[in-house]
Amino acid sequence: MMQMMLGFRRGFESVVLAMVFLHVGITVTVGSFFEPFNVSYDHRALILGGRRRMLISAGIHYPRATPEMWPDIIAKSKEGGADAVETYVFWNGHEPVRGQYNFEGRFNLVKFVKLVGAHGLYLHLRIGPYACAEWNFGGFPVWLRDIPGIEFRTDNAPFKLEMQRFVKKIVDLMKEEMLFSWQGGPIILLQIENEYGNIESSYGQGGKDYIKWAANMALGLGAGVPWVMCRQTDAPETIIDTCNAYYCDGFRPNSYKKPALWTEDWDGWYASWGGRLPRRPVEDNAFAVARFFQRGGSFHNYYMFFGGTNFGRTAGGPLQITSYDYDAPVDEYGLLSQPKWGHLNELHAVIKLCEPALVAVDDGPHYIKLGPKQEAHVYSRSAHVLNSSLSGNSNKCCAFLANIDDRSSARVNFHGRAYTLPPWSVSVLPDCKNVAFNTAKVGAQVSIKTVETETIDTSNITEFGSLLLYNEDDFVSKEWVTFEEPIGLWGENNFSAQGIIDHLNVTKDISDYLWYIIRVQVSEEDISFWEENDVIPSLKFDSIRDVVRIFVNGHLAGSKVGKWVPVEQPLHLIQGYNEISILTETVGLQNYGAFLERDGAGLRGHVNLTGMKSGDHDLSDSLWTYQVGLKGEYLKLYSLEPHGSVYWSDFKLNSTQRPFMWYKTFFDSPTGNEPIALDLGSMGKGQAWVNGHHIGRYWLLSSPKDGCSRVCDYRGTYDNDKCMKNCGKPTQSWYHVPRSWLKPSNNLLVLFEETGGNPFDITIRLHSTKKICAKVSENHHPPLHMWSHPDIASGKLSINDMAPEMRLQCDKGHIISVITFASYGNPSGSCQRFARGRCHASSSQSVVSKACLGRNNCTVGVSNQVFGLDPCRGVVKTLAVEAKCKSSTDISAA
């Protein structure tokens with residue numbers, strides 16, 4: 001009977017999944033996404049079904065989006081040139097309680113993997129199970145640290161037992177669901193551990209033994225596909241060691257038998273509360289990727305291709321923000337980030353053109369020095385002999401010409417032809433003659449969104465675009481009710497204990513909040529002593545983390561933010577008994593480093609009351625009362641269920657803003673399909689829920705006013721302190737609310753506000769691309785799809801006979817409504833600042849309007865023929881266009 005029920009459940013899930021695939025336009029036989037194939041490797045590349053492959057992978061973390069978002073994100077990754085998807089597996093999300101598993105909702109790993117396969121993409125599953133990933137506690141469940149005798153990530157029996165149990169659980173689940181390549185599934189690679197080489201020395205011999213054990217354990221699970229370890233130079237012979245960095249062109253694995261794989265290309269960086277927003281110019285990103293393939297790389301993954309959102313309390317720490325946008329090609333809301341997505345898409349297309357030559361070369365490309373900082377790498381079948389079963393098309397030739405000078409262009413000679421190479425760039429020649437792509441020449445459109453963007457200049461500088469602001473605010477509500485959170489003790493589930501206990505040892509991370517409460521008696525002599533000697537008593541902490549708030553008799557005395565920093569807080573005490581309530585708060589648990597199990601939160605060291613007549617009092621070993629969490633959390637005030645025991649009071653527009661308040665209202669969902677955000681810029685610090693879904697922590701902390709520049713020079717080595725944005729502004733004020741969490745009307749919004757804020761100024765924002773613009777010259781390379789044109793392939797036409805094209809595209813469900821600027825000639829400026837030059841074709845506006853108006857996307861050729869005449873002979877012409885996008889729903893309604 002159990003087998004029958006299990007079969008019925010699987011059958012039902014297959015039907016449902018098939019319906020999902022049909023809904024997103026994918027026809028698939030569930031359970032068999034590919035003809036079964038084996039995965040192996042040699043020193044050059046991964047070998048899939050007997051053929052070497054050059055692979056582009058898109059980093060997507062399934063819990064950082066909703067299942068309703070997954071199909072569109074995966075589709076945009078494939079459209080952007082990805083062959084595979086790469087994701088971590090998040091242990092604490094899947095096993096929140098020891099032995100109790102969660103594979104539902106955003107943690108439905110099986111559904112995510114099947115969607116990847118249904119889109120015809122492969123999958124690299126990074127089981128770890130340590131993830132880092134700026135994820136709470138690095139992906140470890142907090143209950144793990146409570147196992148007696150445990151030490152994480154070393155030769156420790158209790159840890160190895162738990163780790164093996166979970167890794168086996170995931171491998172067995174993937175086998176059961178027929179998701180490995182040899183079963184017809186998409187999984188081609190697995191990962192064990194993660195960046196352990198960075199901390200291995202901290203563990204001595206135990207670390208070395210642990211790595212050997214982890215490798216053998218993983219291989220013993222019989223997954224049937226290769227395993228990798230990233231940043232692990234001592235990875236055993238049976239495991240592929242891989243690279244994580246901004247640049248990996250110089251990376252070589254620790255054995256000639258292994259290919260060069262790049263598991264994390266950091267195309268952005270994460271942000272912390274009160275910090276600036278990092279941005280990586282796409283020219284540099286493309287340069288790094290091209291150099292990797294130029295110098296022998298074979299598998300490349302963007303970390304991240306879609307970053308997403310740290311919903312709930314999943315953000316790592318300490319102090320990392322709710323957004324995990326990561327400056328990725330697909331933004332936090334699922335929209336394309338241009339020009340990053342478009343420019344990298346072209347790079348991926350040209351790598352595909354080169355793939356037959358890249359896989360054919362066995363011992364390495366032919367190297368040619370072209371200048372002091374210029375070089376060529378040539379991949380050609382003619383210079384190498386290789387087993388044809390691995391080589392594919394053996395008549396191809398591909399060359400990469402690099403200029404690693406970060407200041408000047410260079411003119412070089414290659415195979416009897418002259419080429420001009422911009423600084424810090426790579427030109428790719430799929431036929432070893434004609435340039436099909438240069439990493440520094442960006443022809444992809446720029447998208448100006450409602451939140452933020454960056455624009456591209458045609459010089460060697462990347463210029464950031466302006467933030468689009470709108471005056472017509474759509475306020476969430478003018479009707480709010482409140483509930484006041486008690487200070488200190490609020491329920492019977494408190495306890496008393498002698499001494500200071502670590503925050504995590506008490507909360508087990510079920511809440512950010514923990515109250516430490518003690519009563520202190522003040523005598524009349526103390527009062528006189530303070531008055532006579534002008535003394536103010538203080539509470540001194542050796543060390544606190546992440547946030548501490550000190551209350552005396554229910555009134556806030558002060559607050560402090562920091563990671564294990566000392567605190568001294570003056571107190572206003574009265575004669576008699578004084579209740580001191582200390583609230584400690586976590587803002588994301590540590591996600592990186594050695595000895596994570598030793599890391600804690602709250603108070604550490606001594607707590608001293610100073611300035612008393614009898615001297616300083618060490619309160620560290622006194623009797624303290626502990627209360628976990630907030631009363632509002634315990635009552636689940638954020639849920640859709642009624643709360644009969646709670647009295648909500650009306651909150652008026654002129655009411656006094658107070659800290660530690662719960663706010664509640666209802667709002668209607670905006671019409672249309674655009675992604676939605678809440679602008680919480682009028683609030684202080686707290687957490688927010690919509691219809692019971694935790695959208696994350698919010699905090700109005702502003703970044704320093706310095707350290708940013710309007711323009712960013714893409715040339716030269718990038719690091720995460722270069723090209724900063726958002727100086728002097730709140731690190732984050734917009735918070736993503738997935739459409740699937742909303743109803744048409746009566747959506748419940750609940751906030752817990754810690755410091756005081758004005759909920760009446762909370763607005764709903766529709767996030768979409770409002771403007772698009774592009775600038776393409778007639779000497780730009782022709783569209784890459786023309787390389788497969790029959791007349792080009794047969795030699796009847798030269799690729800140089802093909803004109804460049806400009807492509808413009810609005811978001812899905814939007815159309816190009818207005819052409820605000822169009823000039824074919826010598827226009828100046830960049831996006832949002834175009835100006836017509838002396839050379840201008842009078843037909844510019846009409847040609848572009850005819851091709852683009854009323855369409856979601858359009859293509860315009862950049863040539864005299866398209867515009868009917870040559871407006872100025874002897875001058876290299878450029879087409880510059882700026883347009884507005886509008887929702888097709890809005891246009892229909894109008």
# chains A, B, ... in the order shown; residues from 1 in each chain; ligands from 1
$ residues_around --residues "region 293-310 of chain A" --least-positions-apart "5" --cutoff "6 Å" --atoms "only C-alpha atoms" --output "compact mmCIF listing (two decimals) with all heavy atoms, in the first residue's frame"
# COMPACT_ATOMS: atom_id res chain seq x y z
N ALA A 45 38.79 19.71 -20.93
CA ALA A 45 37.39 20.12 -20.74
C ALA A 45 36.58 18.99 -20.13
O ALA A 45 37.02 17.84 -20.04
CB ALA A 45 36.78 20.53 -22.08
N MET A 54 32.66 23.47 -24.21
CA MET A 54 32.94 24.75 -23.58
C MET A 54 31.61 25.25 -23.00
O MET A 54 30.64 25.43 -23.76
CB MET A 54 33.47 25.77 -24.58
CG MET A 54 34.78 25.39 -25.26
SD MET A 54 36.21 25.51 -24.16
CE MET A 54 36.63 23.77 -23.97
N LEU A 55 31.53 25.45 -21.70
CA LEU A 55 30.24 25.68 -21.07
C LEU A 55 30.19 27.01 -20.32
O LEU A 55 31.14 27.38 -19.62
CB LEU A 55 29.92 24.55 -20.09
CG LEU A 55 29.79 23.14 -20.70
CD1 LEU A 55 29.62 22.10 -19.62
CD2 LEU A 55 28.62 23.09 -21.68
N ILE A 56 29.06 27.71 -20.50
CA ILE A 56 28.74 28.93 -19.75
C ILE A 56 27.64 28.58 -18.75
O ILE A 56 26.62 27.99 -19.12
CB ILE A 56 28.26 30.05 -20.68
CG1 ILE A 56 29.35 30.41 -21.70
CG2 ILE A 56 27.82 31.27 -19.88
CD1 ILE A 56 30.56 31.08 -21.09
N SER A 57 27.84 28.94 -17.51
CA SER A 57 26.87 28.61 -16.46
C SER A 57 26.35 29.88 -15.80
O SER A 57 27.07 30.88 -15.67
CB SER A 57 27.53 27.71 -15.41
OG SER A 57 26.68 27.51 -14.30
N ALA A 58 25.09 29.83 -15.38
CA ALA A 58 24.42 30.96 -14.72
C ALA A 58 24.17 30.60 -13.26
O ALA A 58 23.46 29.63 -12.96
CB ALA A 58 23.10 31.27 -15.41
N GLY A 59 24.74 31.37 -12.35
CA GLY A 59 24.50 31.16 -10.93
C GLY A 59 23.13 31.66 -10.53
O GLY A 59 22.82 32.85 -10.69
N ILE A 60 22.28 30.77 -10.02
CA ILE A 60 20.92 31.11 -9.56
C ILE A 60 20.68 30.34 -8.26
O ILE A 60 20.83 29.12 -8.23
CB ILE A 60 19.84 30.68 -10.58
CG1 ILE A 60 20.08 31.34 -11.94
CG2 ILE A 60 18.45 31.02 -10.07
CD1 ILE A 60 19.19 30.77 -13.05
N ARG A 64 16.33 32.30 -3.26
CA ARG A 64 16.36 33.76 -3.35
C ARG A 64 15.36 34.28 -4.38
O ARG A 64 15.40 35.45 -4.76
CB ARG A 64 17.78 34.22 -3.66
CG ARG A 64 18.68 34.13 -2.42
CD ARG A 64 20.10 34.53 -2.67
NE ARG A 64 20.76 34.90 -1.40
CZ ARG A 64 21.99 34.55 -1.06
NH1 ARG A 64 22.72 33.78 -1.87
NH2 ARG A 64 22.51 34.94 0.09
N ALA A 65 14.48 33.41 -4.81
CA ALA A 65 13.35 33.77 -5.68
C ALA A 65 12.19 32.86 -5.30
O ALA A 65 12.35 31.93 -4.50
CB ALA A 65 13.71 33.61 -7.15
N ASP A 249 42.02 33.68 -15.42
CA ASP A 249 42.72 33.30 -16.65
C ASP A 249 44.09 32.67 -16.34
O ASP A 249 44.60 31.91 -17.16
CB ASP A 249 42.88 34.50 -17.58
CG ASP A 249 43.55 35.68 -16.91
OD1 ASP A 249 42.88 36.32 -16.07
OD2 ASP A 249 44.72 35.98 -17.21
N ALA A 260 40.40 23.27 -16.55
CA ALA A 260 40.28 24.53 -15.81
C ALA A 260 38.81 24.93 -15.75
O ALA A 260 38.21 25.28 -16.77
CB ALA A 260 41.11 25.61 -16.49
N LEU A 261 38.24 24.89 -14.54
CA LEU A 261 36.85 25.26 -14.31
C LEU A 261 36.80 26.48 -13.40
O LEU A 261 37.54 26.58 -12.43
CB LEU A 261 36.07 24.11 -13.67
CG LEU A 261 36.18 22.71 -14.29
CD1 LEU A 261 35.25 21.74 -13.57
CD2 LEU A 261 35.87 22.74 -15.78
N TRP A 262 35.89 27.40 -13.70
CA TRP A 262 35.73 28.64 -12.93
C TRP A 262 34.33 28.62 -12.33
O TRP A 262 33.34 28.90 -12.99
CB TRP A 262 35.90 29.84 -13.87
CG TRP A 262 36.01 31.18 -13.21
CD1 TRP A 262 35.90 31.48 -11.89
CD2 TRP A 262 36.26 32.42 -13.88
NE1 TRP A 262 36.08 32.83 -11.68
CE2 TRP A 262 36.29 33.43 -12.88
CE3 TRP A 262 36.45 32.78 -15.20
CZ2 TRP A 262 36.52 34.77 -13.20
CZ3 TRP A 262 36.68 34.12 -15.52
CH2 TRP A 262 36.72 35.10 -14.52
N THR A 263 34.24 28.25 -11.04
CA THR A 263 32.93 28.07 -10.42
C THR A 263 32.30 29.37 -9.94
O THR A 263 31.09 29.42 -9.73
CB THR A 263 33.02 27.08 -9.24
OG1 THR A 263 34.23 27.30 -8.53
CG2 THR A 263 32.98 25.65 -9.71
N GLU A 264 33.11 30.41 -9.70
CA GLU A 264 32.55 31.69 -9.27
C GLU A 264 33.29 32.84 -9.92
O GLU A 264 34.42 33.16 -9.53
CB GLU A 264 32.60 31.85 -7.74
CG GLU A 264 31.64 30.95 -6.98
CD GLU A 264 31.59 31.28 -5.49
OE1 GLU A 264 32.07 32.37 -5.10
OE2 GLU A 264 31.08 30.45 -4.72
N ASP A 265 32.68 33.43 -10.92
CA ASP A 265 33.15 34.70 -11.49
C ASP A 265 32.31 35.79 -10.83
O ASP A 265 31.13 35.93 -11.11
CB ASP A 265 32.96 34.70 -13.00
CG ASP A 265 33.23 36.06 -13.63
OD1 ASP A 265 33.72 36.98 -12.91
OD2 ASP A 265 32.97 36.22 -14.83
N TRP A 266 32.94 36.56 -9.97
CA TRP A 266 32.20 37.56 -9.19
C TRP A 266 31.90 38.77 -10.07
O TRP A 266 32.71 39.70 -10.19
CB TRP A 266 33.01 37.96 -7.96
CG TRP A 266 33.37 36.77 -7.09
CD1 TRP A 266 32.61 35.65 -6.87
CD2 TRP A 266 34.58 36.59 -6.34
NE1 TRP A 266 33.27 34.79 -6.04
CE2 TRP A 266 34.46 35.33 -5.69
CE3 TRP A 266 35.72 37.35 -6.15
CZ2 TRP A 266 35.49 34.84 -4.85
CZ3 TRP A 266 36.73 36.87 -5.33
CH2 TRP A 266 36.61 35.63 -4.69
N ALA A 315 19.60 36.44 5.21
CA ALA A 315 20.81 37.20 4.92
C ALA A 315 21.91 36.83 5.90
O ALA A 315 21.68 36.70 7.10
CB ALA A 315 20.53 38.70 4.98
N THR A 322 19.13 42.97 2.79
CA THR A 322 18.11 42.05 2.28
C THR A 322 18.25 41.80 0.79
O THR A 322 18.05 40.69 0.31
CB THR A 322 16.70 42.59 2.61
OG1 THR A 322 16.56 42.64 4.04
CG2 THR A 322 15.61 41.72 2.03
N SER A 323 18.60 42.82 0.04
CA SER A 323 18.81 42.64 -1.40
C SER A 323 20.08 41.86 -1.65
O SER A 323 21.11 42.08 -1.02
CB SER A 323 18.90 44.00 -2.09
OG SER A 323 19.30 43.84 -3.44
N TYR A 324 20.01 40.92 -2.60
CA TYR A 324 21.20 40.20 -3.07
C TYR A 324 21.33 40.40 -4.58
O TYR A 324 21.64 39.47 -5.31
CB TYR A 324 21.12 38.72 -2.70
CG TYR A 324 22.46 38.01 -2.67
CD1 TYR A 324 23.42 38.35 -1.72
CD2 TYR A 324 22.76 37.01 -3.58
CE1 TYR A 324 24.64 37.69 -1.68
CE2 TYR A 324 23.98 36.35 -3.54
CZ TYR A 324 24.92 36.69 -2.59
OH TYR A 324 26.15 36.04 -2.55
N ASP A 325 21.06 41.62 -5.01
CA ASP A 325 21.05 41.92 -6.44
C ASP A 325 22.38 41.58 -7.11
O ASP A 325 22.42 41.09 -8.22
CB ASP A 325 20.73 43.40 -6.65
CG ASP A 325 20.62 43.76 -8.11
OD1 ASP A 325 19.54 43.53 -8.69
OD2 ASP A 325 21.61 44.25 -8.69
N TYR A 326 23.49 41.87 -6.44
CA TYR A 326 24.82 41.47 -6.85
C TYR A 326 25.27 42.06 -8.19
O TYR A 326 26.21 41.58 -8.80
CB TYR A 326 24.92 39.93 -6.91
CG TYR A 326 26.21 39.39 -6.33
CD1 TYR A 326 26.32 39.15 -4.98
CD2 TYR A 326 27.32 39.16 -7.13
CE1 TYR A 326 27.50 38.67 -4.42
CE2 TYR A 326 28.51 38.69 -6.59
CZ TYR A 326 28.59 38.45 -5.23
OH TYR A 326 29.77 37.98 -4.69
N ALA A 328 23.96 41.70 -10.93
CA ALA A 328 23.91 40.55 -11.83
C ALA A 328 23.22 40.91 -13.14
O ALA A 328 22.47 41.88 -13.23
CB ALA A 328 23.16 39.41 -11.16
N PRO A 329 23.44 40.12 -14.21
CA PRO A 329 22.78 40.37 -15.50
C PRO A 329 21.26 40.32 -15.44
O PRO A 329 20.60 40.97 -16.24
CB PRO A 329 23.33 39.25 -16.40
CG PRO A 329 24.66 38.91 -15.80
CD PRO A 329 24.47 39.06 -14.32
N VAL A 330 20.71 39.54 -14.52
CA VAL A 330 19.27 39.56 -14.24
C VAL A 330 19.11 40.11 -12.84
O VAL A 330 19.68 39.57 -11.89
CB VAL A 330 18.63 38.17 -14.36
CG1 VAL A 330 17.14 38.23 -14.07
CG2 VAL A 330 18.88 37.58 -15.75
N GLU A 332 17.47 41.74 -9.17
CA GLU A 332 16.79 41.13 -8.03
C GLU A 332 15.33 40.81 -8.32
O GLU A 332 14.78 39.83 -7.80
CB GLU A 332 16.88 42.07 -6.83
CG GLU A 332 16.14 41.61 -5.60
CD GLU A 332 16.20 42.61 -4.46
OE1 GLU A 332 16.81 43.69 -4.63
OE2 GLU A 332 15.62 42.33 -3.40
N PHE A 400 42.18 34.77 -30.18
CA PHE A 400 41.91 35.81 -29.19
C PHE A 400 43.10 36.78 -29.20
O PHE A 400 44.24 36.34 -28.99
CB PHE A 400 41.77 35.21 -27.79
CG PHE A 400 40.61 34.27 -27.61
CD1 PHE A 400 40.69 32.95 -28.04
CD2 PHE A 400 39.45 34.71 -26.99
CE1 PHE A 400 39.63 32.08 -27.85
CE2 PHE A 400 38.37 33.85 -26.80
CZ PHE A 400 38.46 32.54 -27.23
$ select_by_dssp --residues "region 157-403 of chain A" --states "strand (DSSP E)" --output "number ranges by chain"
A: 187-192, 227-230, 240-245, 261-266, 299-306, 366-371, 374-380, 397-403
$ atom_distance --atom1 "CA of His767 (chain A)" --atom2 "CA of Pro675 (chain A)"
5.3 Å
$ closest_residue --among "A:Lys664, A:Lys441, A:Lys508, A:His119" --to "Gly600 (chain A)" --atoms "only C-alpha atoms"
A:Lys508
$ residues_around --residues "Asn156 (chain A)" --least-positions-apart "4" --cutoff "10 Å" --atoms "only C-alpha atoms" --output "PDB file with C-alpha atoms, in the first residue's frame"
ATOM      1  CA  GLY A 149      31.773  17.529  20.968  1.00  0.00           C
ATOM      2  CA  ILE A 150      31.197  18.914  17.493  1.00  0.00           C
ATOM      3  CA  GLU A 151      33.751  20.960  15.552  1.00  0.00           C
ATOM      4  CA  PHE A 152      32.759  22.093  12.083  1.00  0.00           C
ATOM      5  CA  LYS A 160      31.407  14.157   9.649  1.00  0.00           C
ATOM      6  CA  LEU A 161      28.457  11.985  10.644  1.00  0.00           C
ATOM      7  CA  GLY A 206      42.830  17.797  11.005  1.00  0.00           C
ATOM      8  CA  GLY A 207      41.999  19.946   8.000  1.00  0.00           C
ATOM      9  CA  ASP A 209      42.597  14.637   6.877  1.00  0.00           C
ATOM     10  CA  TYR A 210      39.109  16.110   6.623  1.00  0.00           C
TER      11      TYR A 210
END
$ closest_residue --among "A:Gly684, A:Pro782, A:Asp363, A:Lys705" --to "Asn438 (chain A)" --atoms "only C-alpha atoms"
A:Pro782
$ atom_distance --atom1 "CA of Thr610 (chain A)" --atom2 "CA of Thr584 (chain A)"
20.5 Å
$ closest_residue --among "A:Glu193, A:Asp474, A:Asp721, A:Asp616" --to "Tyr130 (chain A)" --atoms "only C-alpha atoms"
A:Glu193
$ residues_around --residues "Leu640 (chain A)" --least-positions-apart "2" --cutoff "10 Å" --atoms "only C-alpha atoms" --output "ChimeraX atom specification"
/A:636-638,642-643,690-693,747-749
$ write_last_selection --atoms "N, CA and C atoms" --output "PDB file, in the first residue's frame"
ATOM      1  N   LYS A 636       2.433  35.738  16.471  1.00  0.00           N
ATOM      2  CA  LYS A 636       2.371  35.699  15.007  1.00  0.00           C
ATOM      3  C   LYS A 636       1.453  36.798  14.474  1.00  0.00           C
ATOM      4  N   LEU A 637       1.722  38.015  14.907  1.00  0.00           N
ATOM      5  CA  LEU A 637       0.907  39.147  14.464  1.00  0.00           C
ATOM      6  C   LEU A 637       0.980  39.362  12.957  1.00  0.00           C
ATOM      7  N   TYR A 638       1.981  38.785  12.320  1.00  0.00           N
ATOM      8  CA  TYR A 638       2.176  38.944  10.883  1.00  0.00           C
ATOM      9  C   TYR A 638       1.341  37.956  10.073  1.00  0.00           C
ATOM     10  N   PRO A 642      -6.631  35.389  12.633  1.00  0.00           N
ATOM     11  CA  PRO A 642      -7.062  36.441  13.568  1.00  0.00           C
ATOM     12  C   PRO A 642      -6.365  36.312  14.913  1.00  0.00           C
ATOM     13  N   HIS A 643      -6.161  37.451  15.568  1.00  0.00           N
ATOM     14  CA  HIS A 643      -5.502  37.476  16.870  1.00  0.00           C
ATOM     15  C   HIS A 643      -6.455  38.101  17.884  1.00  0.00           C
ATOM     16  N   VAL A 690       4.290  40.431   4.334  1.00  0.00           N
ATOM     17  CA  VAL A 690       3.144  40.652   3.455  1.00  0.00           C
ATOM     18  C   VAL A 690       2.392  39.337   3.345  1.00  0.00           C
ATOM     19  N   ASN A 691       1.128  39.361   3.760  1.00  0.00           N
ATOM     20  CA  ASN A 691       0.286  38.159   3.747  1.00  0.00           C
ATOM     21  C   ASN A 691       0.973  36.968   4.422  1.00  0.00           C
ATOM     22  N   GLY A 692       1.684  37.269   5.498  1.00  0.00           N
ATOM     23  CA  GLY A 692       2.357  36.229   6.262  1.00  0.00           C
ATOM     24  C   GLY A 692       3.727  35.856   5.746  1.00  0.00           C
ATOM     25  N   HIS A 693       4.126  36.347   4.567  1.00  0.00           N
ATOM     26  CA  HIS A 693       5.443  36.074   4.006  1.00  0.00           C
ATOM     27  C   HIS A 693       6.438  37.109   4.522  1.00  0.00           C
ATOM     28  N   ASN A 747      -4.460  42.960   0.885  1.00  0.00           N
ATOM     29  CA  ASN A 747      -3.199  42.332   1.251  1.00  0.00           C
ATOM     30  C   ASN A 747      -2.746  42.863   2.611  1.00  0.00           C
ATOM     31  N   LEU A 748      -2.366  41.949   3.478  1.00  0.00           N
ATOM     32  CA  LEU A 748      -1.954  42.312   4.832  1.00  0.00           C
ATOM     33  C   LEU A 748      -0.480  42.697   4.853  1.00  0.00           C
ATOM     34  N   LEU A 749      -0.188  43.892   5.340  1.00  0.00           N
ATOM     35  CA  LEU A 749       1.186  44.350   5.547  1.00  0.00           C
ATOM     36  C   LEU A 749       1.390  44.589   7.037  1.00  0.00           C
TER      37      LEU A 749
END
$ closest_residue --among "A:Ile695, A:Val481, A:Met802, A:Leu573" --to "Glu778 (chain A)" --atoms "only C-alpha atoms"
A:Met802
$ residues_around --residues "region 665-668 of chain A" --least-positions-apart "4" --cutoff "12 Å" --atoms "only C-alpha atoms" --output "number ranges by chain"
A: 474-483, 637-638, 640, 648-651, 676, 678, 688-691, 739, 742-751, 759-760, 762-764
$ residues_around --residues "Thr238 (chain A)" --least-positions-apart "2" --cutoff "12 Å" --atoms "only C-alpha atoms" --output "JSON list (two decimals) with C-alpha atoms, in the first residue's frame"
[["chain", "number", "residue", "atom", "x", "y", "z"],
["A", 40, "SER", "CA", 33.81, 12.63, -17.64],
["A", 41, "TYR", "CA", 36.73, 14.96, -18.23],
["A", 42, "ASP", "CA", 40.26, 15.23, -19.45],
["A", 211, "ILE", "CA", 39.52, 17.04, 2.96],
["A", 212, "LYS", "CA", 40.65, 13.52, 2.09],
["A", 214, "ALA", "CA", 35.21, 14.51, 2.32],
["A", 215, "ALA", "CA", 36.46, 13.51, -1.14],
["A", 216, "ASN", "CA", 36.24, 9.79, -0.43],
["A", 217, "MET", "CA", 32.84, 10.15, 1.21],
["A", 218, "ALA", "CA", 31.45, 12.03, -1.78],
["A", 219, "LEU", "CA", 32.81, 9.59, -4.32],
["A", 220, "GLY", "CA", 31.43, 6.71, -2.28],
["A", 225, "VAL", "CA", 29.15, 12.48, -12.20],
["A", 226, "PRO", "CA", 32.39, 14.33, -11.37],
["A", 227, "TRP", "CA", 32.85, 16.17, -8.07],
["A", 228, "VAL", "CA", 34.66, 19.46, -7.66],
["A", 229, "MET", "CA", 36.22, 21.42, -4.79],
["A", 234, "ASP", "CA", 45.35, 20.07, -2.35],
["A", 235, "ALA", "CA", 42.18, 18.47, -3.72],
["A", 236, "PRO", "CA", 42.75, 14.73, -4.21],
["A", 240, "ILE", "CA", 38.58, 18.64, -9.75],
["A", 241, "ASP", "CA", 39.87, 21.76, -8.00],
["A", 254, "ASN", "CA", 46.61, 20.89, -9.41],
["A", 255, "SER", "CA", 46.90, 18.10, -11.96],
["A", 257, "LYS", "CA", 44.62, 15.50, -15.89],
["A", 258, "LYS", "CA", 42.02, 18.07, -14.80]]
$ closest_residue --among "A:Asn553, A:Ser447, A:Ser620, A:Ser740" --to "Glu68 (chain A)" --atoms "only C-alpha atoms"
A:Ser740
$ decode --residues "region 823-831 of chain A" --atoms "N, CA, C and O atoms" --output "mmCIF file, in the first residue's frame"
data_model
loop_
_atom_site.group_PDB
_atom_site.id
_atom_site.type_symbol
_atom_site.label_atom_id
_atom_site.label_comp_id
_atom_site.auth_asym_id
_atom_site.auth_seq_id
_atom_site.Cartn_x
_atom_site.Cartn_y
_atom_site.Cartn_z
ATOM 1 N N SER A 823 19.451 59.828 -33.931
ATOM 2 C CA SER A 823 20.335 60.535 -34.854
ATOM 3 C C SER A 823 21.347 59.569 -35.430
ATOM 4 O O SER A 823 22.064 58.888 -34.687
ATOM 5 N N TYR A 824 21.383 59.527 -36.759
ATOM 6 C CA TYR A 824 22.412 58.787 -37.483
ATOM 7 C C TYR A 824 23.359 59.814 -38.072
ATOM 8 O O TYR A 824 22.965 60.633 -38.902
ATOM 9 N N GLY A 825 24.585 59.803 -37.598
ATOM 10 C CA GLY A 825 25.568 60.802 -38.016
ATOM 11 C C GLY A 825 26.715 60.807 -37.031
ATOM 12 O O GLY A 825 27.380 59.786 -36.836
ATOM 13 N N ASN A 826 26.921 61.959 -36.394
ATOM 14 C CA ASN A 826 27.951 62.009 -35.347
ATOM 15 C C ASN A 826 27.393 62.602 -34.050
ATOM 16 O O ASN A 826 27.872 63.627 -33.564
ATOM 17 N N PRO A 827 26.361 61.975 -33.491
ATOM 18 C CA PRO A 827 25.802 62.468 -32.228
ATOM 19 C C PRO A 827 26.834 62.364 -31.106
ATOM 20 O O PRO A 827 27.720 61.508 -31.144
ATOM 21 N N SER A 828 26.683 63.201 -30.116
ATOM 22 C CA SER A 828 27.604 63.196 -28.984
ATOM 23 C C SER A 828 26.853 62.787 -27.720
ATOM 24 O O SER A 828 25.622 62.681 -27.702
ATOM 25 N N GLY A 829 27.606 62.601 -26.644
ATOM 26 C CA GLY A 829 27.014 62.291 -25.352
ATOM 27 C C GLY A 829 26.733 60.813 -25.161
ATOM 28 O O GLY A 829 27.082 59.975 -25.992
ATOM 29 N N SER A 830 26.109 60.527 -24.046
ATOM 30 C CA SER A 830 25.765 59.160 -23.692
ATOM 31 C C SER A 830 24.304 59.119 -23.258
ATOM 32 O O SER A 830 23.601 60.129 -23.313
ATOM 33 N N CYS A 831 23.867 57.954 -22.842
ATOM 34 C CA CYS A 831 22.464 57.730 -22.525
ATOM 35 C C CYS A 831 21.909 58.811 -21.595
ATOM 36 O O CYS A 831 22.534 59.161 -20.599
#
